[in-house]
Amino acid sequence: MKIRTRFAPSPTGFMHVGNLRTALYEYLTARHGGGSFILRIEDTDRERYVEGATDIIYKTLETAGISHDEGPDVGGDYGPYVQSERLGLYKPYAEQLVKEGKAYRCFCSKERLEALRSSAKEGEVIGYDRHCRDLPEEEIEAKLAAGVPYVIRQKSPLTGESTYHDCVYGDITIPNEELDDQILIKADGYPTYNFANVIDDHTMGITHVVRGSEYLSSTPKYNALYEAFGWEIPTYIHLPLIMGKSVDENGETVVSKLSKRHGSTGFFDLIEEGFLPEAIINYIALLGWAPADTREIFSMDELIEAFDINGISKSPSVFDYDKLEWMNAEYIKAMSSEEFNENAKPYYDRLGIKEEHYALLEEMLKPRITRFTQIEEKLEFLKSLADYDISLYEHKKSKSTRETSIDALTAAIPLLEECNWERDAITELLMNLAASKEVKNAIIMWPVRIAAAGVAVTPGGCSEVLILLGKDEALRRLKIGLEKLQA
RNA sequence: GGCCCGUUGGUCAAUCGGCUAAGACGUCGCCCUUUCACGGCGGAGAGACGAGUUCAACUCUCGUACGGGUCACCA
């Protein structure tokens, strides 16, 4: 049988990495088995609808490299793929269940339900009391005739227990008394999420239901529906949750379900911070799943190839920005020059960097940045010379002091003025100078670089900094440096 | 609170009864060095706890603790 999985997000305008990972695993499950991946938009909640939210879903999937075979935008044989366009579809199914005695009309008002709930004792949680479950036929007719609004509820078994199999968690058994008579059709005639979900999954031929573990305990209700209709129950793959680390007001580190308080948790938030889509996908693929070997870097195709349900873990995992950062750096290091320059260009442009320096910058930056957004900050010194303190010239490890710096700059400046402004030439010149003075390279290089950059840390060394500045600017800064030292 | 699920270093994780318990991130140290990095080498660091089953338990069973999820006319 051909595998069919689906991603069924609600258009809320925000794509959480947890949702994205669910989509990823659904996609991988389908692709690994040569099956189809379907996108279905669950927009039955009119109140929560956000304009443009579906576009964010499309954009996220596209950027992430997760392509769907069927969906609202690409069509398919099982459409429509937007729930609001399928509204007429659900009620007949519910009516069928009512006719067969597997569901019933419930006329209880929200007020009655509310009163029921508030009658519960401290700490107690009670469900629906099944007041309308066995209403006499005449009473039902009378209420219908009187136009009393009603919902349709599922008749859940009262005793015994339900067991089902999940590919990740194994056999799960839930006492039937835990199962509420859940609402299938709301008073406004719209289906509830759970009901629509089952109808849609079945009518769309979904074979593998991949979703978060928060559905683990409500799955028997879904199964009861499948059974009531005589439909085949899909294969279940429940995923462990993704957690976030944060620090509470007492300074204690707390771990809880990933949310906004943990910083950027939206896919596009991460993109904006400079994380590459491939790195994000690679990282979240490994959150809750591990391959059979110890590989860590996976392209999407490699993920499809290696993905295996057996590798999915049961316990929740904490989203670790440090590791994502590392992985992002790995992706940057693996980039071709073209890719690197393309990604860096927006930042170069902001600094007014000319193309002749691209190759040099790539060499300097590639092993040093973990995100492209760091470029501007790393090259800040090119924009203007900082008003630095001369204590910068003192460096313990290099044994550089104010005096050696004065010597170095005094000797280096005239030589550099005569120098052919080329990287190797500058390096050679400075090294020769050090050799002739019988000092370590650092004694010369350190002060020259400090004077040129005005900051202690620069990507790349002394010669590179000089080249990037250009001869005029570089020499101007060196002279300023010398004056500062002599003052 | 009921029910369900989980628990291997700070984090991600391997292990499917043989463990001297992988690997990665992070962290620390050393080397390299023209700063910071990169790179190389090395270190510290783990089975929640208690019983039981077994020749043997991280692995199976039970209990306890802790964590999470769930109990809507939300999705």
# chains A, B, ... in the order shown; residues from 1 in each chain; ligands from 1
$ interface_residues --of "chain A" --to "chain B" --cutoff "8 Å" --atoms "only C-alpha atoms (C1' of nucleotides)" --output "ChimeraX atom specification"
/A:10,42,45,110,123-125,127,151,172,174-175,178,183,185-187,192-193,213-218,286-287,290,294,296,314-318,320,322-323,326,367-368,441-442,445-446,456-459,461-462
$ residues_around --residues "range 55-57 of chain B" --least-positions-apart "5" --cutoff "12 Å" --atoms "only C-alpha atoms (C1' of nucleotides)" --output "VMD selection string"
chain B and resid 17 to 19 47
$ write_last_selection --atoms "C-alpha atoms (C1' of nucleotides)" --output "PDB file, in the first residue's frame"
ATOM      1  C1'   G B  17      20.209  -8.876  28.529  1.00  0.00           C
ATOM      2  C1'   G B  18      27.240  -9.198  28.195  1.00  0.00           C
ATOM      3  C1'   C B  19      29.298  -1.945  29.428  1.00  0.00           C
ATOM      4  C1'   G B  47      22.056   5.193  33.474  1.00  0.00           C
TER       5        G B  47
END
$ select_by_dssp --residues "range 93-301 of chain A" --states "strand (DSSP E or B)" --output "compact mmCIF listing (two decimals) with N, CA and C atoms, in the first residue's frame"
# COMPACT_ATOMS: atom_id res chain seq x y z
N ALA A 103 -24.24 7.93 17.77
CA ALA A 103 -24.09 9.33 18.18
C ALA A 103 -25.47 9.86 18.51
N TYR A 104 -25.51 11.00 19.16
CA TYR A 104 -26.82 11.54 19.53
C TYR A 104 -26.80 13.06 19.56
N ARG A 105 -28.02 13.60 19.48
CA ARG A 105 -28.14 15.05 19.54
C ARG A 105 -28.17 15.46 21.00
N CYS A 106 -27.41 16.49 21.31
CA CYS A 106 -27.36 16.97 22.68
C CYS A 106 -27.85 18.42 22.69
N VAL A 151 -25.94 20.00 19.52
CA VAL A 151 -24.68 19.53 18.96
C VAL A 151 -24.84 18.03 18.79
N ILE A 152 -23.95 17.44 17.99
CA ILE A 152 -24.00 15.98 17.87
C ILE A 152 -22.79 15.42 18.61
N ARG A 153 -23.09 14.51 19.51
CA ARG A 153 -22.01 13.92 20.31
C ARG A 153 -21.87 12.44 19.99
N GLN A 154 -20.66 12.01 20.14
CA GLN A 154 -20.34 10.61 19.91
C GLN A 154 -20.70 9.81 21.16
N GLU A 161 -11.89 -1.10 28.26
CA GLU A 161 -10.76 -0.26 27.92
C GLU A 161 -10.43 -0.38 26.45
N SER A 162 -9.72 0.62 25.94
CA SER A 162 -9.35 0.62 24.52
C SER A 162 -7.84 0.55 24.40
N THR A 163 -7.41 -0.30 23.50
CA THR A 163 -5.97 -0.41 23.26
C THR A 163 -5.70 -0.17 21.80
N TYR A 164 -4.63 0.55 21.53
CA TYR A 164 -4.24 0.72 20.14
C TYR A 164 -2.72 0.69 20.08
N HIS A 165 -2.22 0.59 18.89
CA HIS A 165 -0.77 0.52 18.73
C HIS A 165 -0.21 1.80 18.12
N ASP A 166 0.86 2.25 18.71
CA ASP A 166 1.57 3.39 18.15
C ASP A 166 2.97 2.93 17.79
N GLY A 170 4.41 2.19 21.27
CA GLY A 170 3.96 0.83 21.51
C GLY A 170 2.46 0.76 21.77
N ASP A 171 2.05 -0.22 22.53
CA ASP A 171 0.62 -0.36 22.82
C ASP A 171 0.19 0.59 23.93
N ILE A 172 -0.87 1.30 23.66
CA ILE A 172 -1.39 2.25 24.65
C ILE A 172 -2.80 1.80 25.02
N THR A 173 -3.04 1.69 26.32
CA THR A 173 -4.36 1.27 26.78
C THR A 173 -4.97 2.37 27.65
N ILE A 174 -6.20 2.73 27.34
CA ILE A 174 -6.88 3.78 28.10
C ILE A 174 -8.23 3.25 28.56
N PRO A 175 -8.57 3.45 29.84
CA PRO A 175 -9.89 3.02 30.32
C PRO A 175 -10.98 3.81 29.59
N ILE A 183 -17.94 16.07 21.18
CA ILE A 183 -18.79 16.73 20.19
C ILE A 183 -18.21 16.52 18.79
N LEU A 184 -19.09 16.15 17.88
CA LEU A 184 -18.69 15.94 16.49
C LEU A 184 -19.06 17.16 15.64
N ILE A 185 -20.30 17.59 15.85
CA ILE A 185 -20.78 18.76 15.11
C ILE A 185 -21.20 19.82 16.13
N PRO A 191 -18.05 21.16 11.97
CA PRO A 191 -17.47 20.01 12.66
C PRO A 191 -16.41 20.47 13.66
N HIS A 208 -0.79 6.99 7.24
CA HIS A 208 0.03 7.16 8.44
C HIS A 208 -0.24 8.51 9.07
N VAL A 209 -0.74 8.49 10.27
CA VAL A 209 -1.01 9.73 10.98
C VAL A 209 0.20 10.03 11.87
N VAL A 210 0.91 11.10 11.50
CA VAL A 210 2.09 11.51 12.25
C VAL A 210 1.73 12.81 12.95
N ARG A 211 1.83 12.86 14.25
CA ARG A 211 1.44 14.05 15.01
C ARG A 211 2.12 14.05 16.37
N GLY A 212 1.95 15.14 17.08
CA GLY A 212 2.59 15.28 18.38
C GLY A 212 2.00 14.35 19.43
N THR A 235 -2.09 3.98 10.61
CA THR A 235 -0.90 3.70 11.41
C THR A 235 -0.56 4.98 12.16
N TYR A 236 -0.34 4.86 13.45
CA TYR A 236 -0.05 6.05 14.24
C TYR A 236 1.43 6.19 14.56
N ILE A 237 1.90 7.41 14.38
CA ILE A 237 3.29 7.72 14.73
C ILE A 237 3.24 9.00 15.55
N HIS A 238 3.30 8.85 16.86
CA HIS A 238 3.26 10.03 17.72
C HIS A 238 4.67 10.49 18.05
N LEU A 239 4.85 11.78 17.99
CA LEU A 239 6.18 12.37 18.16
C LEU A 239 6.36 13.01 19.53
N ILE A 242 8.93 19.10 21.67
CA ILE A 242 10.17 19.87 21.72
C ILE A 242 10.02 20.88 22.85
N MET A 243 11.02 20.89 23.70
CA MET A 243 10.98 21.77 24.87
C MET A 243 11.99 22.91 24.71
N GLY A 244 11.79 23.92 25.55
CA GLY A 244 12.73 25.04 25.52
C GLY A 244 13.28 25.29 26.91
N LYS A 245 14.48 25.84 26.95
CA LYS A 245 15.09 26.15 28.24
C LYS A 245 14.94 27.64 28.49
N SER A 246 14.59 28.01 29.68
CA SER A 246 14.54 29.43 29.99
C SER A 246 14.89 29.63 31.46
N VAL A 247 15.10 30.88 31.80
CA VAL A 247 15.46 31.18 33.18
C VAL A 247 14.30 31.94 33.82
N THR A 253 16.86 27.67 36.10
CA THR A 253 16.64 27.24 34.73
C THR A 253 15.44 26.30 34.70
N VAL A 254 14.49 26.63 33.88
CA VAL A 254 13.32 25.77 33.77
C VAL A 254 13.16 25.28 32.34
N VAL A 255 12.66 24.07 32.25
CA VAL A 255 12.43 23.47 30.95
C VAL A 255 10.93 23.34 30.75
N SER A 256 10.44 23.86 29.67
CA SER A 256 9.02 23.73 29.41
C SER A 256 8.79 23.68 27.91
N LYS A 257 7.56 23.42 27.55
CA LYS A 257 7.21 23.31 26.14
C LYS A 257 7.68 24.56 25.40
N GLY A 266 9.88 30.71 15.94
CA GLY A 266 9.21 30.66 14.65
C GLY A 266 10.26 30.42 13.59
N TRP A 289 14.89 12.31 16.72
CA TRP A 289 15.18 11.18 15.85
C TRP A 289 16.69 11.05 15.71
$ select_by_dssp --residues "range 326-485 of chain A" --states "helix (DSSP H, G or I)" --output "ChimeraX atom specification"
/A:326-333,337-351,355-365,372-378,380-383,390-393,402-418,423-437,441-453,462-469,471-485
$ write_last_selection --atoms "C-alpha atoms" --output "compact mmCIF listing (two decimals), in the first residue's frame"
# COMPACT_ATOMS: atom_id res chain seq x y z
CA TRP A 326 27.33 25.00 15.29
CA MET A 327 25.38 23.25 12.59
CA ASN A 328 24.76 26.51 10.79
CA ALA A 329 28.50 27.15 10.82
CA GLU A 330 29.08 23.72 9.33
CA TYR A 331 26.74 24.58 6.48
CA ILE A 332 28.54 27.86 5.91
CA LYS A 333 31.91 26.15 5.81
CA SER A 337 32.39 30.54 -3.09
CA GLU A 338 29.37 31.44 -5.15
CA GLU A 339 26.95 30.45 -2.40
CA PHE A 340 28.99 32.17 0.23
CA ASN A 341 29.26 35.42 -1.68
CA GLU A 342 25.60 35.39 -2.55
CA ASN A 343 24.67 35.09 1.10
CA ALA A 344 27.24 37.62 2.21
CA LYS A 345 26.55 40.22 -0.45
CA PRO A 346 23.69 42.04 1.31
CA TYR A 347 25.96 42.62 4.27
CA TYR A 348 28.95 43.56 2.12
CA ASP A 349 26.80 46.07 0.31
CA ARG A 350 25.84 47.70 3.55
CA LEU A 351 29.53 48.16 4.32
CA GLU A 355 33.93 42.88 -5.26
CA GLU A 356 37.72 42.73 -5.51
CA HIS A 357 37.78 41.88 -1.83
CA TYR A 358 35.21 39.12 -1.93
CA ALA A 359 37.68 36.27 -2.22
CA LEU A 360 39.80 37.54 0.64
CA LEU A 361 36.77 38.12 2.82
CA GLU A 362 35.42 34.68 2.10
CA GLU A 363 38.68 33.20 3.28
CA MET A 364 38.63 35.33 6.41
CA LEU A 365 34.98 35.03 7.27
CA PHE A 372 25.88 35.69 7.99
CA THR A 373 24.24 38.31 10.14
CA GLN A 374 27.53 38.54 12.05
CA ILE A 375 29.40 39.96 9.08
CA GLU A 376 28.55 43.58 9.72
CA GLU A 377 29.68 43.41 13.30
CA LYS A 378 32.90 41.58 12.39
CA GLU A 380 32.64 47.16 11.79
CA PHE A 381 36.21 48.42 12.02
CA LEU A 382 36.31 49.07 8.30
CA LYS A 383 33.68 51.77 8.52
CA ILE A 390 46.39 52.76 23.76
CA SER A 391 46.41 49.97 26.30
CA LEU A 392 45.29 47.86 23.36
CA TYR A 393 48.88 47.85 22.19
CA ARG A 402 53.83 50.60 24.24
CA GLU A 403 57.53 50.94 23.56
CA THR A 404 57.81 48.03 21.16
CA SER A 405 54.75 49.31 19.41
CA ILE A 406 56.26 52.71 18.87
CA ASP A 407 59.35 51.07 17.43
CA ALA A 408 57.33 48.81 15.24
CA LEU A 409 55.12 51.51 13.79
CA THR A 410 58.00 53.90 13.34
CA ALA A 411 59.85 51.30 11.31
CA ALA A 412 56.87 49.87 9.49
CA ILE A 413 55.16 53.02 8.24
CA PRO A 414 57.89 54.19 5.83
CA LEU A 415 58.37 50.69 4.52
CA LEU A 416 54.65 50.27 3.93
CA GLU A 417 54.50 53.60 2.14
CA GLU A 418 56.92 52.24 -0.41
CA ARG A 423 48.78 40.86 0.62
CA ASP A 424 51.81 38.59 0.33
CA ALA A 425 54.10 41.51 -0.17
CA ILE A 426 52.89 43.18 2.98
CA THR A 427 53.21 39.99 4.98
CA GLU A 428 56.71 39.42 3.70
CA LEU A 429 57.72 42.99 4.40
CA LEU A 430 56.53 42.85 7.98
CA MET A 431 58.09 39.46 8.60
CA ASN A 432 61.37 40.64 7.21
CA LEU A 433 61.18 43.64 9.45
CA ALA A 434 60.68 41.40 12.45
CA ALA A 435 63.56 39.20 11.36
CA SER A 436 65.90 42.16 10.92
CA LYS A 437 65.00 43.43 14.37
CA ASN A 441 56.47 38.50 14.20
CA ALA A 442 53.85 39.51 16.73
CA ILE A 443 55.94 42.42 17.95
CA ILE A 444 55.49 44.01 14.52
CA MET A 445 52.15 42.57 13.44
CA TRP A 446 50.22 43.22 16.60
CA PRO A 447 50.66 46.98 16.78
CA VAL A 448 50.22 47.43 13.04
CA ARG A 449 46.93 45.58 13.13
CA ILE A 450 45.75 47.42 16.23
CA ALA A 451 46.57 50.77 14.74
CA ALA A 452 44.85 49.86 11.49
CA ALA A 453 41.74 48.34 12.98
CA CYS A 462 47.41 42.16 9.94
CA SER A 463 48.00 42.07 6.18
CA GLU A 464 44.37 41.25 5.46
CA VAL A 465 43.19 44.20 7.50
CA LEU A 466 45.56 46.52 5.66
CA ILE A 467 44.44 45.27 2.28
CA LEU A 468 40.78 45.72 3.11
CA LEU A 469 41.35 49.26 4.27
CA LYS A 471 46.69 51.87 1.25
CA ASP A 472 45.65 55.44 1.94
CA GLU A 473 43.27 54.71 4.76
CA ALA A 474 45.59 52.14 6.26
CA LEU A 475 48.55 54.47 6.38
CA ARG A 476 46.43 57.28 7.71
CA ARG A 477 45.35 55.06 10.60
CA LEU A 478 48.88 53.85 11.26
CA LYS A 479 50.09 57.41 11.59
CA ILE A 480 47.25 58.24 13.96
CA GLY A 481 48.25 55.20 15.96
CA LEU A 482 51.83 56.29 16.21
CA GLU A 483 50.83 59.77 17.30
CA LYS A 484 48.58 58.36 19.97
CA LEU A 485 51.39 56.22 21.29
$ residues_around --residues "Glu302 in chain A" --least-positions-apart "6" --cutoff "12 Å" --atoms "only C-alpha atoms (C1' of nucleotides)" --output "list in words"
Leu28, Arg31, His32, Glu278, Ile281, Asn282, Ala285, Pro291, Arg295, Glu296 and Asp308 of chain A
$ write_last_selection --atoms "N, CA and C atoms" --output "JSON list (two decimals), in the first residue's frame"
[["chain", "number", "residue", "atom", "x", "y", "z"],
["A", 28, "LEU", "N", 9.07, 13.10, 5.59],
["A", 28, "LEU", "CA", 10.10, 12.05, 5.49],
["A", 28, "LEU", "C", 9.49, 10.66, 5.52],
["A", 31, "ARG", "N", 8.09, 10.22, 1.98],
["A", 31, "ARG", "CA", 9.12, 10.13, 0.94],
["A", 31, "ARG", "C", 10.01, 8.89, 1.10],
["A", 32, "HIS", "N", 10.31, 8.57, 2.32],
["A", 32, "HIS", "CA", 11.16, 7.39, 2.53],
["A", 32, "HIS", "C", 10.48, 6.14, 1.97],
["A", 278, "GLU", "N", 18.44, 25.00, 5.48],
["A", 278, "GLU", "CA", 18.97, 23.63, 5.47],
["A", 278, "GLU", "C", 19.49, 23.23, 6.85],
["A", 281, "ILE", "N", 16.47, 22.68, 9.22],
["A", 281, "ILE", "CA", 15.86, 21.39, 8.92],
["A", 281, "ILE", "C", 16.73, 20.25, 9.45],
["A", 282, "ASN", "N", 18.01, 20.34, 9.16],
["A", 282, "ASN", "CA", 18.94, 19.32, 9.61],
["A", 282, "ASN", "C", 18.91, 19.19, 11.13],
["A", 285, "ALA", "N", 15.56, 17.82, 12.46],
["A", 285, "ALA", "CA", 15.39, 16.40, 12.09],
["A", 285, "ALA", "C", 16.00, 15.53, 13.19],
["A", 291, "PRO", "N", 19.73, 8.75, 13.51],
["A", 291, "PRO", "CA", 19.97, 7.76, 12.47],
["A", 291, "PRO", "C", 20.65, 6.52, 13.03],
["A", 295, "ARG", "N", 26.21, 9.83, 11.83],
["A", 295, "ARG", "CA", 26.23, 11.03, 11.00],
["A", 295, "ARG", "C", 25.37, 12.12, 11.62],
["A", 296, "GLU", "N", 25.72, 13.35, 11.32],
["A", 296, "GLU", "CA", 24.92, 14.46, 11.84],
["A", 296, "GLU", "C", 24.52, 15.45, 10.76],
["A", 308, "ASP", "N", 13.97, 6.68, 9.55],
["A", 308, "ASP", "CA", 13.39, 5.40, 9.94],
["A", 308, "ASP", "C", 12.61, 5.61, 11.23]]
$ closest_residue --among "A:Ser313, A:Ala146, A:Arg40, A:Ser118" --to "Gly75 in chain A" --atoms "only C-alpha atoms"
A:Arg40
$ residues_around --residues "Gly18 in chain A" --least-positions-apart "3" --cutoff "8 Å" --atoms "only C-alpha atoms (C1' of nucleotides)" --output "list in words"
Arg21, Thr22, Leu241, Ile242 and Leu258 of chain A
$ write_last_selection --atoms "C-alpha atoms" --output "PDB file, in the first residue's frame"
ATOM      1  CA  ARG A  21       9.341  19.299  12.657  1.00  0.00           C
ATOM      2  CA  THR A  22       6.028  17.487  12.595  1.00  0.00           C
ATOM      3  CA  LEU A 241       7.515  17.223  22.125  1.00  0.00           C
ATOM      4  CA  ILE A 242      10.166  19.867  21.721  1.00  0.00           C
ATOM      5  CA  LEU A 258       8.894  25.463  23.525  1.00  0.00           C
TER       6      LEU A 258
END
$ closest_residue --among "A:Glu141, A:Asp43, A:Glu227, A:Glu232" --to "Asp201 in chain A" --atoms "only C-alpha atoms"
A:Glu232
$ decode --residues "range 97-162 of chain A" --atoms "C-alpha atoms" --output "mmCIF file, in the first residue's frame"
data_model
loop_
_atom_site.group_PDB
_atom_site.id
_atom_site.type_symbol
_atom_site.label_atom_id
_atom_site.label_comp_id
_atom_site.auth_asym_id
_atom_site.auth_seq_id
_atom_site.Cartn_x
_atom_site.Cartn_y
_atom_site.Cartn_z
ATOM 1 C CA LEU A 97 -23.901 7.891 13.153
ATOM 2 C CA VAL A 98 -26.993 9.322 14.840
ATOM 3 C CA LYS A 99 -29.202 7.115 12.702
ATOM 4 C CA GLU A 100 -27.134 4.090 13.633
ATOM 5 C CA GLY A 101 -27.342 4.925 17.312
ATOM 6 C CA LYS A 102 -23.609 5.636 17.583
ATOM 7 C CA ALA A 103 -24.086 9.331 18.181
ATOM 8 C CA TYR A 104 -26.819 11.538 19.531
ATOM 9 C CA ARG A 105 -28.142 15.048 19.542
ATOM 10 C CA CYS A 106 -27.363 16.974 22.679
ATOM 11 C CA PHE A 107 -29.496 19.983 23.507
ATOM 12 C CA CYS A 108 -27.630 21.017 26.613
ATOM 13 C CA SER A 109 -26.940 24.723 26.730
ATOM 14 C CA LYS A 110 -23.503 26.125 27.297
ATOM 15 C CA GLU A 111 -24.810 27.480 30.572
ATOM 16 C CA ARG A 112 -25.770 24.009 31.762
ATOM 17 C CA LEU A 113 -22.368 22.689 30.799
ATOM 18 C CA GLU A 114 -20.739 25.584 32.546
ATOM 19 C CA ALA A 115 -22.754 24.962 35.695
ATOM 20 C CA LEU A 116 -21.801 21.324 35.529
ATOM 21 C CA ARG A 117 -18.171 22.202 35.432
ATOM 22 C CA SER A 118 -18.292 24.701 38.256
ATOM 23 C CA SER A 119 -20.134 22.196 40.424
ATOM 24 C CA ALA A 120 -16.980 20.152 40.468
ATOM 25 C CA LYS A 121 -15.158 19.977 43.749
ATOM 26 C CA GLU A 122 -11.787 21.536 44.330
ATOM 27 C CA GLY A 123 -9.194 20.047 42.038
ATOM 28 C CA GLU A 124 -11.734 17.811 40.380
ATOM 29 C CA VAL A 125 -12.290 17.747 36.664
ATOM 30 C CA ILE A 126 -15.514 16.386 35.354
ATOM 31 C CA GLY A 127 -16.674 15.842 31.823
ATOM 32 C CA TYR A 128 -20.079 15.879 30.252
ATOM 33 C CA ASP A 129 -22.683 13.983 32.250
ATOM 34 C CA ARG A 130 -24.265 12.437 29.149
ATOM 35 C CA HIS A 131 -27.575 14.044 30.005
ATOM 36 C CA CYS A 132 -28.912 13.798 26.453
ATOM 37 C CA ARG A 133 -27.458 10.423 25.622
ATOM 38 C CA ASP A 134 -30.722 8.551 26.037
ATOM 39 C CA LEU A 135 -33.362 11.169 25.561
ATOM 40 C CA PRO A 136 -36.805 9.791 24.654
ATOM 41 C CA GLU A 137 -37.657 10.079 20.987
ATOM 42 C CA GLU A 138 -40.616 12.399 21.656
ATOM 43 C CA GLU A 139 -38.497 14.823 23.590
ATOM 44 C CA ILE A 140 -35.956 14.973 20.798
ATOM 45 C CA GLU A 141 -38.680 15.605 18.241
ATOM 46 C CA ALA A 142 -40.179 18.300 20.404
ATOM 47 C CA LYS A 143 -36.875 20.091 20.863
ATOM 48 C CA LEU A 144 -36.067 19.877 17.196
ATOM 49 C CA ALA A 145 -39.483 21.251 16.335
ATOM 50 C CA ALA A 146 -38.959 24.062 18.805
ATOM 51 C CA GLY A 147 -35.670 24.873 17.167
ATOM 52 C CA VAL A 148 -33.542 24.237 20.238
ATOM 53 C CA PRO A 149 -29.950 24.352 19.104
ATOM 54 C CA TYR A 150 -28.029 21.130 19.485
ATOM 55 C CA VAL A 151 -24.676 19.532 18.963
ATOM 56 C CA ILE A 152 -23.995 15.985 17.874
ATOM 57 C CA ARG A 153 -22.008 13.918 20.305
ATOM 58 C CA GLN A 154 -20.344 10.612 19.912
ATOM 59 C CA LYS A 155 -21.536 7.748 22.122
ATOM 60 C CA SER A 156 -18.394 6.536 23.821
ATOM 61 C CA PRO A 157 -18.259 3.147 25.450
ATOM 62 C CA LEU A 158 -18.841 3.431 29.199
ATOM 63 C CA THR A 159 -16.870 0.471 30.429
ATOM 64 C CA GLY A 160 -13.905 -1.616 29.472
ATOM 65 C CA GLU A 161 -10.756 -0.262 27.924
ATOM 66 C CA SER A 162 -9.349 0.621 24.524
#
